[in-house]
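Data first, discussion second: the structure below is written as structure tokens.
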Amino acid sequence: MDANTLEVRLGNGVEYLGKPRCYFDPAVVRNSDIYCISHAHEDHLPRDIEGKKVLCSDTTLRCASSRLGRTLESSEWGGIEMKNAGHVAGSVMFLVDSGRRALYTGDFCPRDRLGMTGARPIKVDVLITEATYGVPRYVFPPTDGMMGVMRDWVEDSISQGISVALLAYPLGKSQELITMFNDLKPYLHGSVMNATELVASPDLISKCTPYSRETAKEPFLLICPPSVRNSNLMQYWKKKGLRTAAVSGWAIDSSFKYKMRVDEAFPLSDHADFEELMAFVKACDPSVVFTYHGFSVELASEIQRSLDIDAHPLIKNQKSLLEF
């Protein structure tokens, strides 16, 4: 299959300009064509909404409508199926079947973990995959082992009478941490509480306690977004000995801990790592792969070299596929 005959490009999100014409994770939702939202993280949501109809999971629809402050409507289109992406609650991949099968992954994770079922590969002709951790140095340690390391660190701190704050994205990673540490009855920052109420089961929500300075009893575990690490909230508790840890796949880099100005950093991710990306591509057995978001150039090169599959990074503002 000749990549130059495929109309796939970066523009309004990832544009698949065949039949049907699809816009994946678009910046603008208009009244015509098909707009597909893979999940409700901010960098995958539209910034401008002219039309209301989108294709996404019910969970993503609920989160997106809440975050955007506008009610969206979910629609179905023949020839497009949603498949579990295993990234965060409600995340999906999109399978387009119009004679030629194409899969858009969005952010995805193939690992089963903490109640989340991982993404499964699908035999396709065209694969459009994320490349967030698309270079060989990003290989994550086993999830169970890392969870054990985190629990030891948290419990050791609390046993010494020292409070702990875990910094993680409000949607996705935070719910994993809540599940992991629900026996410690963690306090939740407001943004984490709001996200959890939108996606979690009533049973998990019932175990959550909103944080407030007035009611927080030391030593405690607090789950909060990375954006508050330099806030007055953090400064107040740090003066009392609070320890902080960032939870992210980027913690593979030793510099991440110092960049985040935290006491510890744990490489726990809801993305596929490099080896998982390569294994997923191989199992999908496509004729051509397009990579985007992250180390797209490097991943495409490695797919071409190691798997002998035609692979190309998508280029922002490209006018045609001849610009690869």
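Ordered as shown in the structure tokens, chains take letters A, B, and onward, while each chain numbers its residues from 1 and ligands are numbered from 1 in the order shown.
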Hey, which bits of stretch 45-133 of chain A sit within 9 Å of stretch 267-277 of chain A, and for each residue what's the closest pair of atoms and how far apart in Å (one decimal), counting only C-alpha atoms, rows by chain and increasing number, as a tab-separated table?
```
residue	atom	partner	partner_atom	distance
A:Gly86	CA	A:Asp270	CA	7.7
A:His87	CA	A:Asp270	CA	5.3
A:Val88	CA	A:Asp270	CA	7.1
A:Asp107	CA	A:His271	CA	6.5
A:Phe108	CA	A:His271	CA	5.4
A:Cys109	CA	A:Ala272	CA	4.5
A:Pro110	CA	A:Ala272	CA	6.4
A:Arg111	CA	A:Ala272	CA	7.9
A:Thr129	CA	A:Leu277	CA	8.4
A:Glu130	CA	A:Leu277	CA	8.5
A:Ala131	CA	A:Leu277	CA	7.7
A:Thr132	CA	A:His271	CA	7.7
A:Tyr133	CA	A:Asp273	CA	5.4
```
Write out, as a Markdown table, each residue of stretch 44-145 of chain A that has an atom at most 10 Å from stretch 170-175 of chain A, together with the closest pair of atoms and their distance in Å to one decimal, counting only C-alpha atoms, rows going by chain and rising number.
```
| residue | atom | partner | partner_atom | distance |
| --- | --- | --- | --- | --- |
| A:Cys63 | CA | A:Leu171 | CA | 9.3 |
| A:His87 | CA | A:Gly172 | CA | 7.4 |
| A:Val88 | CA | A:Gly172 | CA | 4.6 |
| A:Ala89 | CA | A:Gly172 | CA | 6.4 |
| A:Gly90 | CA | A:Gly172 | CA | 9.6 |
| A:Ser91 | CA | A:Gly172 | CA | 9.7 |
| A:Leu114 | CA | A:Gln175 | CA | 9.2 |
| A:Met116 | CA | A:Gly172 | CA | 10.0 |
```
Name the residues of stretch 67-147 of chain A that fall into strand (DSSP E or B) according to DSSP on the backbone, using the chain letters and numbers of this document, as a PyMOL selection string.
chain A and resi 73-74+80-84+92-97+101-104+113+116+126-131
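Among the candidate residues A:Arg9, A:Lys185, A:His44, A:Arg30, the one lying nearest to A:Lys217 is A:Lys185, with distances computed using only C-alpha atoms.
Residue nearest A:Tyr292, chosen from A:Met93, A:Pro121, A:Met147, A:Pro313 and counting only C-alpha atoms: A:Pro313.
Within the 8 Å cut-off around stretch 71-80 of chain A, using only C-alpha atoms and omitting residues fewer than 2 positions from it on the same chain, the listed residues are A:Ile34, A:Lys52, A:Lys53, A:Val54, A:Leu55, A:Cys56, A:Ser57, A:Asp58, A:Leu61, A:Ala64, A:Ser65, A:Ser66, A:Gly69, A:Met82, A:Phe94, A:Leu95, A:Val96, A:Asp97, A:Ser98.
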Deliver the residues from the most recent selection as a file, using C-alpha atoms, as an mmCIF file, in the first residue's frame.
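Below you can see again31.cif, which holds the result:
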```cif
data_model
loop_
_atom_site.group_PDB
_atom_site.id
_atom_site.type_symbol
_atom_site.label_atom_id
_atom_site.label_comp_id
_atom_site.auth_asym_id
_atom_site.auth_seq_id
_atom_site.Cartn_x
_atom_site.Cartn_y
_atom_site.Cartn_z
ATOM 1 C CA ILE A 34 -17.581 13.251 11.641
ATOM 2 C CA LYS A 52 -22.856 19.521 18.876
ATOM 3 C CA LYS A 53 -22.608 16.023 17.449
ATOM 4 C CA VAL A 54 -19.519 13.949 18.243
ATOM 5 C CA LEU A 55 -18.593 10.299 18.431
ATOM 6 C CA CYS A 56 -17.220 9.259 21.812
ATOM 7 C CA SER A 57 -18.013 7.094 24.821
ATOM 8 C CA ASP A 58 -20.731 8.100 27.274
ATOM 9 C CA LEU A 61 -19.279 12.820 26.607
ATOM 10 C CA ALA A 64 -16.205 16.780 27.964
ATOM 11 C CA SER A 65 -19.558 18.506 28.446
ATOM 12 C CA SER A 66 -18.634 19.317 32.051
ATOM 13 C CA GLY A 69 -19.329 23.989 29.817
ATOM 14 C CA MET A 82 -15.283 2.374 19.224
ATOM 15 C CA PHE A 94 -11.711 4.263 16.532
ATOM 16 C CA LEU A 95 -11.895 1.540 13.891
ATOM 17 C CA VAL A 96 -12.976 2.815 10.471
ATOM 18 C CA ASP A 97 -14.033 0.115 8.020
ATOM 19 C CA SER A 98 -14.852 1.306 4.528
#
```
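Atom to atom, atom CA of A:Lys19 and atom CA of A:Glu81 stand 14.4 Å apart.
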Q: Tell me which protein, DNA and RNA residues are within 10 Å of stretch 240-253 of chain A, counting only C-alpha atoms, leaving out same-chain ones fewer than 6 positions away, and put them as a ChimeraX atom specification.
A: /A:132-133,137-141,150,153-154,157-158,161-169,173-174,177,218-226,229,234,260-273
Go ahead and write the selection's residues with C-alpha atoms as a PDB file, in the first residue's frame.
```pdb
ATOM      1  CA  THR A 132       4.200   9.680  23.478  1.00  0.00           C
ATOM      2  CA  TYR A 133       6.898   7.308  24.753  1.00  0.00           C
ATOM      3  CA  ARG A 137      14.617   4.540  26.845  1.00  0.00           C
ATOM      4  CA  TYR A 138      10.962   4.644  27.894  1.00  0.00           C
ATOM      5  CA  VAL A 139      10.294   1.128  29.137  1.00  0.00           C
ATOM      6  CA  PHE A 140       8.260   1.075  32.339  1.00  0.00           C
ATOM      7  CA  PRO A 141       8.887  -1.277  35.253  1.00  0.00           C
ATOM      8  CA  MET A 150       4.853   3.395  46.035  1.00  0.00           C
ATOM      9  CA  TRP A 153       7.092   4.828  50.457  1.00  0.00           C
ATOM     10  CA  VAL A 154       3.648   6.167  51.417  1.00  0.00           C
ATOM     11  CA  SER A 157       6.106   8.193  55.622  1.00  0.00           C
ATOM     12  CA  ILE A 158       2.729   7.980  57.348  1.00  0.00           C
ATOM     13  CA  GLY A 161       3.824  10.813  61.235  1.00  0.00           C
ATOM     14  CA  ILE A 162       4.639  12.526  57.920  1.00  0.00           C
ATOM     15  CA  SER A 163       1.873  13.485  55.487  1.00  0.00           C
ATOM     16  CA  VAL A 164       2.228  12.669  51.783  1.00  0.00           C
ATOM     17  CA  ALA A 165       0.939  14.320  48.605  1.00  0.00           C
ATOM     18  CA  LEU A 166       0.840  12.313  45.359  1.00  0.00           C
ATOM     19  CA  LEU A 167       0.758  14.493  42.251  1.00  0.00           C
ATOM     20  CA  ALA A 168      -1.125  13.019  39.298  1.00  0.00           C
ATOM     21  CA  TYR A 169      -3.488  14.079  36.527  1.00  0.00           C
ATOM     22  CA  LYS A 173      -4.032   8.401  37.123  1.00  0.00           C
ATOM     23  CA  SER A 174      -5.756   9.858  40.182  1.00  0.00           C
ATOM     24  CA  LEU A 177      -4.202   5.997  42.988  1.00  0.00           C
ATOM     25  CA  GLU A 218      -2.216  14.554  59.989  1.00  0.00           C
ATOM     26  CA  PRO A 219      -0.611  12.352  58.937  1.00  0.00           C
ATOM     27  CA  PHE A 220      -2.641  12.070  55.726  1.00  0.00           C
ATOM     28  CA  LEU A 221      -2.412  11.085  52.092  1.00  0.00           C
ATOM     29  CA  LEU A 222      -3.477  13.760  49.606  1.00  0.00           C
ATOM     30  CA  ILE A 223      -4.027  13.134  45.880  1.00  0.00           C
ATOM     31  CA  CYS A 224      -3.754  16.321  43.859  1.00  0.00           C
ATOM     32  CA  PRO A 225      -2.834  17.616  40.380  1.00  0.00           C
ATOM     33  CA  PRO A 226       0.766  18.580  39.518  1.00  0.00           C
ATOM     34  CA  ARG A 229       2.936  21.771  43.583  1.00  0.00           C
ATOM     35  CA  MET A 234       1.672  22.867  49.278  1.00  0.00           C
ATOM     36  CA  MET A 260       9.028  18.807  39.361  1.00  0.00           C
ATOM     37  CA  ARG A 261      10.716  19.795  42.653  1.00  0.00           C
ATOM     38  CA  VAL A 262       9.326  16.805  44.512  1.00  0.00           C
ATOM     39  CA  ASP A 263      10.819  14.408  47.038  1.00  0.00           C
ATOM     40  CA  GLU A 264      10.194  11.339  44.893  1.00  0.00           C
ATOM     41  CA  ALA A 265       8.978  10.400  41.401  1.00  0.00           C
ATOM     42  CA  PHE A 266       7.413   7.093  40.389  1.00  0.00           C
ATOM     43  CA  PRO A 267       7.287   5.858  36.745  1.00  0.00           C
ATOM     44  CA  LEU A 268       3.685   4.664  36.658  1.00  0.00           C
ATOM     45  CA  SER A 269       1.909   5.460  33.387  1.00  0.00           C
ATOM     46  CA  ASP A 270      -1.437   4.997  31.653  1.00  0.00           C
ATOM     47  CA  HIS A 271       0.268   5.101  28.244  1.00  0.00           C
ATOM     48  CA  ALA A 272       1.968   2.375  26.255  1.00  0.00           C
ATOM     49  CA  ASP A 273       5.743   2.363  26.673  1.00  0.00           C
TER      50      ASP A 273
END
```
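You can rank A:Asp156, A:Asp43, A:Glu298, A:Glu50 by their closest distance to A:Gly106 using only C-alpha atoms, and at the top of that list sits A:Asp43.
Close contacts of A:Gly51, defined as residues with an atom at most 8 Å away when counting only C-alpha atoms, with chain neighbours fewer than 5 positions off set aside, comprise Val29, Arg30, Asn31 and Ser32 of chain A.
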Using N, CA and C atoms, can you write the selected residues to a file as an mmCIF file, in the first residue's frame?
```cif
data_model
loop_
_atom_site.group_PDB
_atom_site.id
_atom_site.type_symbol
_atom_site.label_atom_id
_atom_site.label_comp_id
_atom_site.auth_asym_id
_atom_site.auth_seq_id
_atom_site.Cartn_x
_atom_site.Cartn_y
_atom_site.Cartn_z
ATOM 1 N N VAL A 29 -15.072 21.530 16.295
ATOM 2 C CA VAL A 29 -16.193 20.676 15.907
ATOM 3 C C VAL A 29 -17.172 21.521 15.106
ATOM 4 N N ARG A 30 -17.376 21.138 13.853
ATOM 5 C CA ARG A 30 -18.289 21.881 12.986
ATOM 6 C C ARG A 30 -19.591 21.095 12.801
ATOM 7 N N ASN A 31 -20.455 21.600 11.942
ATOM 8 C CA ASN A 31 -21.757 20.982 11.748
ATOM 9 C C ASN A 31 -21.748 19.879 10.695
ATOM 10 N N SER A 32 -20.652 19.767 9.932
ATOM 11 C CA SER A 32 -20.566 18.736 8.903
ATOM 12 C C SER A 32 -19.440 17.774 9.234
#
```
